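Single-structure report; data block below.
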Amino acid sequence: MIDFGYTIWIPLIPFFMFLILGLFGGKMKPMISGYLGTLGLLVTTVLSFFAAYQYFFQRTGEEAFEKIIASNTVWLNITDKLHIDVGVMLDPISVMMLIVVSTVSFMVHIYSLGYMKGDFGFSRFYSFLSLFSFSMYSLVVATNLFQMYMCWELVGVSSYLLISFYYEKPSAVLAGKKAFIVTRFADLGFLIGILILSYISGTFDFEELTNPEGAMISQGTALTFMGFSAISVALTLIFIGGAGKSAMFPLHIWLPDAMEGPTPVSALIHAATMVVAGVFLVARLFPLYYLGAPDVLTIVAYVGGFTSLFAAIIACTQLDIKRVLAFSTMSQIGYMMLALGVSGYGDHDGLGFMASMFHLFTHAMFKALLFLGAGAIIHSVHSNMMTDMGGLRKYLPITHITFLIACLTIAGIPPFSGFFSKDEILVAAFHHDKVLFFIEWAVAGITAFYMFRLYFVVFWGKETHYHHTPHESPLTMTIPLMILALASIFSGFIPFNELVTSDGHGFHIHTEWAIAIPSILVGIVGIAVAWIFYKKESGIPAKLAASLKLLYVGSFNKFYIDELYMFITKKIIFNRISAPIAWFDRHVVDASMNGIAWVTNSISDQIKELQSGQLQKYGYVFISGVILLTFAFVYLWFN
Amino acid sequence: MLSQIPLSYFLVVSTLMFFIGIYGFLTRKNLITILMAIELILNSVNINFVAFNRYLYPDQLQGHFFSLFIIAVAAAEAAVAIAIIISVYRQYFNIDVERVDTMKY
């Protein structure tokens with residue numbers, strides 16, 4: 001048995017970095033705090049990789065991967081049985097997430113040394129990054145639901161802090177608030193779900209909750225609530241929390257706005273790690289979902305499928321390159337959710353689960369690469385808008401090549417990693433639900449189209465007039481790009497079917513060419529269409545937009561979901577419900593209290609003259625009182 | 001000799017003194033006169049004590065002691081009262097009771 005006790009330092013080192021940079025960062029030279037934060041992340045990255053190596057490749061024999069509790073402390077005793085622990089649990093998905101988080105986070109730390117150089121609040125930026133890394137590490141290694149929930153909120157806070165990092169910009173402040181409020185609203189569902197689950201099972205512990213032979217599943221299905229089993233209600237609520245964090249329709253509205261944050265933050269939080277926390281949550285509780293409430297998994301699958309189609313359509317018309325990437329992220333997370341939704345449990349049935357985790361991994365690499373590439377472009381052009389770009393391949397050779405690799409990866413062209421993971425998802429969907437399969441197949445084509453639209457417009461297309469010649473970014477920015485490009489190319493060859501599976505047992509997969517070939521073809525068609533439309537300037541996109549005017553306008557305006565939310569909150573909730581309640585409060589509740597105070601005040605005005613300060617007046621009153629009492633007394637006495 | 005005078009005579013005298021004192025207390029504006037009026041009230045009570053003691057319980061002395069005690073206390077009280085009056089004079093430059101009305105609403 002290997003001792004994994006050292007893994008407790010993986011979350012703790014970024015935490016101490018956060019404290020040091022947060023408390024003393026202002027006194028340091030900015031670059032020193034940057035190097036310090038990066039060094040801390042380097043140590044945790046080494047530890048994570050070492051832990052992954054030990055976990056996956058130094059096990060004894062060929063038995064299944066176990067859940068290993070590396071360290072555990074009781075943090076709060078609620079009852080003898082129910083207690084909240086804080087600890088580190090290692091299992092295939094948490095170890096995989098450790099790799100994802102540390103790789104992307106480390107790359108982003110290095111990249112930000114160049115990208116954020118000279119920005120106001122450089123050390124503040126690094127302390128927030130450390131806080132985020134700490135929260136995300138603790139989230140993925142959580143031993144119980146409650147620890148996960150705490151860290152879930154902590155990543156929400158870090159996300160808020162980093163989105164509104166440029167706090168002088170009103171749009172950034174608004175975007176931060178929006179992200180926080182929307183996800184917090186969804187987290188309410190998560191919290192209620194946790195309470196119901198812990199009420200049924202009397203535990204927060206993942207090991208007990210997800211044990212397929214455990215009492216939880218049989219007990220949970222027996223209890224019913226409004227015709228649904230309690231466990232389905234709880235798991236649906238938990239999924240709402242996950243959907244909020246992972247920007248699933250209709251709780252996705254915060255993600256496009258979150259792009260107001262610095263680009264490295266978008267790469268780390270809003271592409272690779274935090275937004276997949278919802279997928280991770282469902283995967284973490286997967287046995288419970290599959291064995292306890294399979295209906296909820298159908299909801300998960302359809303929400304994922306719909307979101308992926310919806311976001312892909314919007315991504316085709318957006319002009320801000322970061323927003324295109326944000327919608328693409330939503331679309332890809334939709335894939336992951338769908339894969340979980342169509343998955344079974346155990347051995348080859350768990351293909352969807354494996355595919356989802358596989359896609360999570362590859363997506364983290366290529367989407368971080370896309371965002372960091374976009375950051376490099378923005379850094380040299382000083383604009384987010386695609387209309388300000390064009391012909392950049394001559395000026396930014398490294399960014400161009402790495403961006404092309406990422407685009408090919410997301411389009412699902414073999415042998416890049418995206419092909420393998422997406423193919424597994426399509427196979428899993430095909431064997432479960434043909435409708436979902438065709439949606440995802442179409443989305444694969446749309447994905448290829450909008451990514452190459454971005455690529456052709458930015459790197460080919462007509463050269464616009466630049467204020468100064470764009471130049472390639474410094475090495476601190478290009479090296480992470482190259483490393484992530486290598487990861488995007490080769491991570492497809494990681495044998496996920498042996499390592500990360502629903503029940504810990506490896507299984508064999510074989511490429512189903514009947515599905516792989518159409519998916520490659522649709523990707524190539526998407527690229528070809530983008531080539532025709534955007535390689536050179538042509539009138540076709542404008543004509544097409546005119547003929548599909550309704551779809552184009554809807555997609556360009558993100559199908560008016562934001563406006564719908566504004567309508568519901570402002571016109572209905574604020575004006576129709578909140579305003580009358582506020583009126584009632586002001587004119588009835590407050591007014592009655594004010595009325596009592598006013599009456600008391602005016603009466604006291606009338607009678608306060610009695611206290612005149614004239615000693616002899618008091619004497620008159622006192623003595624006349626005594627005399628009256630005497631007469632009364634004498635009268636009563638003698639009758 | 002004293003026993004020929006009925007108790008009611010003493011009571012009439014003390015009542016008169018008491019109400020003269022009350023009258024002075026309520027009508028005079030000068031603080032010193034008010035103090036003198038209060039002394040009158042006290043002394044009318046003393047007369048009552050002594051008279052009742054003499055006529056109701058001639059073989060006991062509590063009434064006498066009580067009136068002696070009151071005289072002693074009244075002396076101390078007069079000292080305190082005059083000290084207060086001096087302080088009032090220092091504050092207001094007169095000792096008119098109607099001017100001392102700071103403690104009102």
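Identifiers in this document derive from the order of the structure tokens: chains are assigned A, B, ..., residues are numbered from 1 separately in each chain, and ligands are numbered from 1 in order of occurrence.
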Long-range neighbours of B:Ile34 as a ChimeraX atom specification, 10 Å cut-off, only C-alpha atoms, 3 positions minimum in chain: /A:616 /B:21-31,37-40,97
Chain A contacts on chain B, only C-alpha atoms, 7 Å, as a PyMOL selection string: chain B and resi 26+98+101-105
Could those residues be written to a file, using C-alpha atoms, as a PDB file, in the first residue's frame?
ATOM      1  CA  LEU B  26     -45.571  78.386  48.402  1.00  0.00           C
ATOM      2  CA  GLU B  98     -38.495  81.359  40.017  1.00  0.00           C
ATOM      3  CA  ASP B 101     -35.691  76.602  36.470  1.00  0.00           C
ATOM      4  CA  THR B 102     -32.928  74.896  34.541  1.00  0.00           C
ATOM      5  CA  MET B 103     -34.372  71.429  35.325  1.00  0.00           C
ATOM      6  CA  LYS B 104     -37.408  71.739  33.113  1.00  0.00           C
ATOM      7  CA  TYR B 105     -38.520  69.774  30.046  1.00  0.00           C
TER       8      TYR B 105
END
Straight-line distance linking atom CA of A:Tyr111 with atom CA of A:Pro480, stated in Å to one decimal: 6.3 Å
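What separates atom CA of A:Leu499 from atom CA of A:Gln147 is a distance of 25.3 Å.
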One-decimal distance in Å that lies between atom CA of A:Phe452 and atom CA of A:Val104: 23.6 Å
Polymer residues at most 10 Å from stretch 79-82 of chain B, only C-alpha atoms, same-chain spacing of 6 or more positions, as a list of chain:residue names: B:Leu31, B:Ile32, B:Leu35, B:Val73, B:Val88
Could you make a table, as JSON lines, of the residues of stretch 120-180 of chain A that have an atom within 9 Å of an atom of stretch 21-34 of chain A, each with its nearest atom pair and distance in Å to one decimal, counting only C-alpha atoms, in chain and number order?
{"residue": "A:Gly121", "atom": "CA", "partner": "A:Pro30", "partner_atom": "CA", "distance": 8.2}
{"residue": "A:Phe122", "atom": "CA", "partner": "A:Pro30", "partner_atom": "CA", "distance": 5.8}
{"residue": "A:Ser123", "atom": "CA", "partner": "A:Gly25", "partner_atom": "CA", "distance": 5.4}
{"residue": "A:Arg124", "atom": "CA", "partner": "A:Gly22", "partner_atom": "CA", "distance": 6.6}
{"residue": "A:Phe125", "atom": "CA", "partner": "A:Gly34", "partner_atom": "CA", "distance": 8.7}
{"residue": "A:Tyr126", "atom": "CA", "partner": "A:Gly34", "partner_atom": "CA", "distance": 6.1}
{"residue": "A:Ser127", "atom": "CA", "partner": "A:Leu21", "partner_atom": "CA", "distance": 5.1}
{"residue": "A:Phe128", "atom": "CA", "partner": "A:Gly22", "partner_atom": "CA", "distance": 8.0}
{"residue": "A:Ser130", "atom": "CA", "partner": "A:Leu21", "partner_atom": "CA", "distance": 8.6}
